[in-house]
Amino acid sequence: AFGNVFVAGGFGPDSIAVRAVNVAVVDSFGQPTGWFEGPRLPEGRAFATAVVHNHVLYVIGGETGLVDPTNPDTAMARPDVFAIHLSERTGFFADPTWQKLATPLLTPRSRHAAFVVDNGILVSLGIVTGAGSESEFAPFGPDGVLGPFAAVAGPPIGGGAGSQLSEAGYAQYLDEGGILHLVLAGGQLAGGGPVTQVWWH
């Protein structure tokens with residue numbers, strides 16, 4: 001976003017979810033020119049998602065504590081949404097600390113996808129605790145504040161994959177006509193094993 005690449009959370013060699021947040025300027029050749037440390041997350045997060053809207057960076061859900069990359073732990077998944085303002089001039093962090101929003105996900109979720117669409121945040125797929133919906137959506141209010149999440153009805157993407165789907169690659173882009181498209185690629189099935197399907201909207 002804004003010519004920078006952001007990395008938030010993850011896990012270290014000890015498999016503990018980390019709070020570290022870093023940013024690098026991307027040069028005209030597409031290379032990071034050097035990494036800078038930003039404000040740390042309030043709590044360690046691995047397998048979270050991140051989106052940017054109106055110079056605010058959001059980190060959504062994920063797992064905390066001890067992380068097993070091969071075995072998602074629903075007890076350690078979190079519904080929290082963290083946000084921090086970015087400078088309109090540089091795109092770097094404008095606030096010294098992250099804010100924990102009062103609008104968490106409906107259910108804890110990790111290894112999911114997130115998009116900014118229809119003036120709100122759409123969260124989909126992933127490992128969901130309990131009987132949560134495959135997708136949730138939260139709108140931005142007139143003041144730019146993120147509203148509450150609500151379940152999204154519709155044909156499940158995971159059903160097309162044959163099972164609950166997580167760890168899919170995700171991206172969004174505008175075509176030449178200005179129409180927004182969402183892409184989900186690959187991922188892991190809850191029953192085990194990778195998938196190669198690509199979903200496009």
# chains A, B, ... in the order shown; residues from 1 in each chain; ligands from 1
>>> residues_around(residues="Leu122 of chain A", least_positions_apart="6", cutoff="8 Å", atoms="only C-alpha atoms", output="list in words")
Ala114, Phe115, Val116, Ser135, Glu136, Phe137 and Ala138 of chain A
>>> write_last_selection(atoms="N, CA, C and O atoms", output="CSV table (one decimal), in the first residue's frame")
chain,number,residue,atom,x,y,z
A,114,ALA,N,-9.1,-11.8,3.4
A,114,ALA,CA,-9.8,-10.5,3.7
A,114,ALA,C,-9.7,-9.6,2.5
A,114,ALA,O,-8.6,-9.5,1.9
A,115,PHE,N,-10.7,-8.8,2.3
A,115,PHE,CA,-10.8,-7.9,1.1
A,115,PHE,C,-11.5,-6.6,1.6
A,115,PHE,O,-12.3,-6.7,2.4
A,116,VAL,N,-11.1,-5.5,1.0
A,116,VAL,CA,-11.9,-4.3,1.1
A,116,VAL,C,-12.9,-4.2,-0.1
A,116,VAL,O,-12.4,-4.1,-1.2
A,135,SER,N,-18.2,-16.7,5.6
A,135,SER,CA,-17.8,-15.3,5.3
A,135,SER,C,-18.5,-14.3,6.2
A,135,SER,O,-19.7,-14.6,6.7
A,136,GLU,N,-17.9,-13.2,6.5
A,136,GLU,CA,-18.4,-12.1,7.4
A,136,GLU,C,-18.1,-10.8,6.7
A,136,GLU,O,-17.1,-10.7,6.0
A,137,PHE,N,-19.0,-9.8,6.9
A,137,PHE,CA,-18.8,-8.5,6.3
A,137,PHE,C,-19.1,-7.4,7.3
A,137,PHE,O,-20.0,-7.5,8.1
A,138,ALA,N,-18.2,-6.4,7.4
A,138,ALA,CA,-18.4,-5.2,8.3
A,138,ALA,C,-18.3,-4.0,7.4
A,138,ALA,O,-17.3,-3.8,6.7
>>> closest_atom_pairs(of="segment 88-150 of chain A", to="segment 43-56 of chain A", cutoff="12 Å", atoms="only C-alpha atoms", output="JSON lines")
{"residue": "A:Glu88", "atom": "CA", "partner": "A:His55", "partner_atom": "CA", "distance": 6.5}
{"residue": "A:Arg89", "atom": "CA", "partner": "A:His55", "partner_atom": "CA", "distance": 9.9}
{"residue": "A:Thr90", "atom": "CA", "partner": "A:His55", "partner_atom": "CA", "distance": 10.3}
{"residue": "A:Gly91", "atom": "CA", "partner": "A:His55", "partner_atom": "CA", "distance": 7.3}
{"residue": "A:Phe92", "atom": "CA", "partner": "A:His55", "partner_atom": "CA", "distance": 9.5}
{"residue": "A:Phe93", "atom": "CA", "partner": "A:Val56", "partner_atom": "CA", "distance": 9.2}
{"residue": "A:Ala94", "atom": "CA", "partner": "A:His55", "partner_atom": "CA", "distance": 9.3}
{"residue": "A:Asp95", "atom": "CA", "partner": "A:Val56", "partner_atom": "CA", "distance": 10.1}
{"residue": "A:Thr97", "atom": "CA", "partner": "A:Glu43", "partner_atom": "CA", "distance": 11.9}
{"residue": "A:Trp98", "atom": "CA", "partner": "A:Glu43", "partner_atom": "CA", "distance": 10.1}
{"residue": "A:Gln99", "atom": "CA", "partner": "A:Val56", "partner_atom": "CA", "distance": 10.8}
{"residue": "A:Lys100", "atom": "CA", "partner": "A:Glu43", "partner_atom": "CA", "distance": 10.1}
{"residue": "A:Pro108", "atom": "CA", "partner": "A:Ala48", "partner_atom": "CA", "distance": 10.7}
{"residue": "A:Arg109", "atom": "CA", "partner": "A:Ala48", "partner_atom": "CA", "distance": 8.2}
{"residue": "A:Ser110", "atom": "CA", "partner": "A:Phe47", "partner_atom": "CA", "distance": 5.6}
{"residue": "A:Arg111", "atom": "CA", "partner": "A:Phe47", "partner_atom": "CA", "distance": 4.8}
{"residue": "A:His112", "atom": "CA", "partner": "A:Thr49", "partner_atom": "CA", "distance": 6.7}
{"residue": "A:Ala113", "atom": "CA", "partner": "A:Thr49", "partner_atom": "CA", "distance": 6.2}
{"residue": "A:Ala114", "atom": "CA", "partner": "A:Thr49", "partner_atom": "CA", "distance": 6.1}
{"residue": "A:Phe115", "atom": "CA", "partner": "A:Val51", "partner_atom": "CA", "distance": 6.5}
{"residue": "A:Val116", "atom": "CA", "partner": "A:Val51", "partner_atom": "CA", "distance": 6.8}
{"residue": "A:Val117", "atom": "CA", "partner": "A:His53", "partner_atom": "CA", "distance": 9.9}
{"residue": "A:Asp118", "atom": "CA", "partner": "A:His53", "partner_atom": "CA", "distance": 11.6}
{"residue": "A:Asn119", "atom": "CA", "partner": "A:His53", "partner_atom": "CA", "distance": 8.9}
{"residue": "A:Gly120", "atom": "CA", "partner": "A:His53", "partner_atom": "CA", "distance": 8.8}
{"residue": "A:Ile121", "atom": "CA", "partner": "A:Val51", "partner_atom": "CA", "distance": 8.2}
{"residue": "A:Leu122", "atom": "CA", "partner": "A:Val51", "partner_atom": "CA", "distance": 9.9}
{"residue": "A:Val123", "atom": "CA", "partner": "A:Thr49", "partner_atom": "CA", "distance": 8.8}
{"residue": "A:Ser124", "atom": "CA", "partner": "A:Thr49", "partner_atom": "CA", "distance": 10.3}
{"residue": "A:Leu125", "atom": "CA", "partner": "A:Thr49", "partner_atom": "CA", "distance": 11.3}
{"residue": "A:Gly126", "atom": "CA", "partner": "A:Phe47", "partner_atom": "CA", "distance": 9.3}
{"residue": "A:Ile127", "atom": "CA", "partner": "A:Phe47", "partner_atom": "CA", "distance": 10.0}
{"residue": "A:Pro139", "atom": "CA", "partner": "A:His53", "partner_atom": "CA", "distance": 11.6}
{"residue": "A:Phe140", "atom": "CA", "partner": "A:His53", "partner_atom": "CA", "distance": 9.6}
{"residue": "A:Asp143", "atom": "CA", "partner": "A:Asn54", "partner_atom": "CA", "distance": 11.3}
{"residue": "A:Gly144", "atom": "CA", "partner": "A:Asn54", "partner_atom": "CA", "distance": 8.1}
{"residue": "A:Val145", "atom": "CA", "partner": "A:Val56", "partner_atom": "CA", "distance": 10.3}
{"residue": "A:Leu146", "atom": "CA", "partner": "A:His53", "partner_atom": "CA", "distance": 10.3}
>>> residues_around(residues="segment 27-35 of chain A", least_positions_apart="5", cutoff="8 Å", atoms="only C-alpha atoms", output="list in words")
Gly3, Val5 and Asn22 of chain A
>>> residues_around(residues="Leu182 of chain A", least_positions_apart="4", cutoff="6 Å", atoms="only C-alpha atoms", output="mmCIF file with all heavy atoms, in the first residue's frame")
data_model
loop_
_atom_site.group_PDB
_atom_site.id
_atom_site.type_symbol
_atom_site.label_atom_id
_atom_site.label_comp_id
_atom_site.auth_asym_id
_atom_site.auth_seq_id
_atom_site.Cartn_x
_atom_site.Cartn_y
_atom_site.Cartn_z
ATOM 1 N N GLN A 172 -7.007 -8.716 -4.727
ATOM 2 C CA GLN A 172 -8.105 -8.003 -5.375
ATOM 3 C C GLN A 172 -7.517 -6.975 -6.308
ATOM 4 O O GLN A 172 -6.397 -6.512 -6.117
ATOM 5 C CB GLN A 172 -9.022 -7.351 -4.339
ATOM 6 C CG GLN A 172 -8.381 -6.290 -3.467
ATOM 7 C CD GLN A 172 -9.332 -5.816 -2.381
ATOM 8 O OE1 GLN A 172 -9.394 -6.375 -1.299
ATOM 9 N NE2 GLN A 172 -10.071 -4.752 -2.682
ATOM 10 N N TRP A 200 -12.607 -16.888 -8.713
ATOM 11 C CA TRP A 200 -12.544 -15.496 -9.199
ATOM 12 C C TRP A 200 -13.942 -14.920 -9.176
ATOM 13 O O TRP A 200 -14.921 -15.601 -9.502
ATOM 14 C CB TRP A 200 -11.994 -15.513 -10.632
ATOM 15 C CG TRP A 200 -11.989 -14.201 -11.341
ATOM 16 C CD1 TRP A 200 -11.035 -13.225 -11.290
ATOM 17 C CD2 TRP A 200 -12.970 -13.727 -12.257
ATOM 18 N NE1 TRP A 200 -11.359 -12.182 -12.097
ATOM 19 C CE2 TRP A 200 -12.554 -12.460 -12.710
ATOM 20 C CE3 TRP A 200 -14.180 -14.238 -12.742
ATOM 21 C CZ2 TRP A 200 -13.300 -11.692 -13.603
ATOM 22 C CZ3 TRP A 200 -14.913 -13.482 -13.628
ATOM 23 C CH2 TRP A 200 -14.472 -12.224 -14.052
ATOM 24 N N HIS A 201 -14.063 -13.678 -8.759
ATOM 25 C CA HIS A 201 -15.374 -13.013 -8.696
ATOM 26 C C HIS A 201 -15.252 -11.605 -9.288
ATOM 27 O O HIS A 201 -14.318 -10.890 -8.944
ATOM 28 C CB HIS A 201 -15.840 -12.919 -7.255
ATOM 29 C CG HIS A 201 -17.220 -12.339 -7.103
ATOM 30 N ND1 HIS A 201 -17.459 -11.000 -7.077
ATOM 31 C CD2 HIS A 201 -18.435 -12.940 -7.018
ATOM 32 C CE1 HIS A 201 -18.754 -10.783 -6.948
ATOM 33 N NE2 HIS A 201 -19.375 -11.931 -6.908
#
>>> residues_around(residues="Thr70 of chain A", least_positions_apart="2", cutoff="12 Å", atoms="only C-alpha atoms", output="list of chain:residue names")
A:Ser15, A:Phe47, A:Val67, A:Asp68, A:Pro72, A:Asp73, A:Arg111, A:Ser166, A:Glu167, A:Gln188, A:Leu189, A:Ala190, A:Gly191, A:Gly192, A:Gly193, A:Pro194
>>> write_last_selection(atoms="N, CA, C and O atoms", output="short mmCIF file (atom, residue, chain, number, x, y, z; two decimals), in the first residue's frame")
data_model
loop_
_atom_site.label_atom_id
_atom_site.label_comp_id
_atom_site.auth_asym_id
_atom_site.auth_seq_id
_atom_site.Cartn_x
_atom_site.Cartn_y
_atom_site.Cartn_z
N SER A 15 8.22 -21.13 17.20
CA SER A 15 6.80 -21.34 16.85
C SER A 15 5.85 -20.50 17.69
O SER A 15 4.65 -20.78 17.73
N PHE A 47 -0.95 -16.20 11.11
CA PHE A 47 -2.06 -16.58 10.22
C PHE A 47 -3.22 -15.59 10.31
O PHE A 47 -4.39 -15.97 10.18
N VAL A 67 2.21 -21.88 17.94
CA VAL A 67 1.59 -22.14 16.65
C VAL A 67 2.16 -23.41 16.05
O VAL A 67 3.38 -23.61 16.03
N ASP A 68 1.29 -24.28 15.55
CA ASP A 68 1.71 -25.45 14.79
C ASP A 68 1.27 -25.22 13.35
O ASP A 68 0.07 -25.28 13.05
N PRO A 72 -3.86 -26.43 12.77
CA PRO A 72 -4.49 -25.22 13.32
C PRO A 72 -5.11 -25.49 14.69
O PRO A 72 -5.73 -26.54 14.92
N ASP A 73 -4.91 -24.56 15.61
CA ASP A 73 -5.42 -24.68 16.98
C ASP A 73 -6.57 -23.69 17.16
O ASP A 73 -6.33 -22.50 17.36
N ARG A 111 -6.06 -18.20 9.32
CA ARG A 111 -5.70 -18.77 8.01
C ARG A 111 -6.78 -18.47 6.98
O ARG A 111 -7.13 -19.31 6.15
N SER A 166 -8.74 -23.38 3.91
CA SER A 166 -7.95 -22.36 4.61
C SER A 166 -6.63 -22.14 3.88
O SER A 166 -6.27 -22.89 2.97
N GLU A 167 -5.91 -21.09 4.28
CA GLU A 167 -4.58 -20.77 3.77
C GLU A 167 -4.56 -20.53 2.26
O GLU A 167 -3.54 -20.77 1.60
N GLN A 188 -5.51 -25.12 1.72
CA GLN A 188 -5.49 -26.43 2.39
C GLN A 188 -6.91 -26.83 2.77
O GLN A 188 -7.68 -26.00 3.25
N LEU A 189 -7.24 -28.10 2.58
CA LEU A 189 -8.53 -28.63 3.00
C LEU A 189 -8.46 -29.04 4.47
O LEU A 189 -7.41 -29.48 4.95
N ALA A 190 -9.59 -28.92 5.17
CA ALA A 190 -9.63 -29.29 6.58
C ALA A 190 -9.28 -30.76 6.76
O ALA A 190 -8.69 -31.15 7.76
N GLY A 191 -9.66 -31.58 5.78
CA GLY A 191 -9.36 -33.00 5.87
C GLY A 191 -7.93 -33.35 5.52
O GLY A 191 -7.54 -34.52 5.58
N GLY A 192 -7.16 -32.34 5.13
CA GLY A 192 -5.76 -32.58 4.78
C GLY A 192 -5.52 -32.50 3.30
O GLY A 192 -6.37 -32.92 2.49
N GLY A 193 -4.39 -31.98 2.92
CA GLY A 193 -4.00 -31.93 1.52
C GLY A 193 -4.26 -30.59 0.87
O GLY A 193 -5.24 -29.91 1.17
N PRO A 194 -3.37 -30.19 -0.03
CA PRO A 194 -3.52 -28.91 -0.74
C PRO A 194 -4.50 -29.03 -1.89
O PRO A 194 -4.80 -30.12 -2.38
#
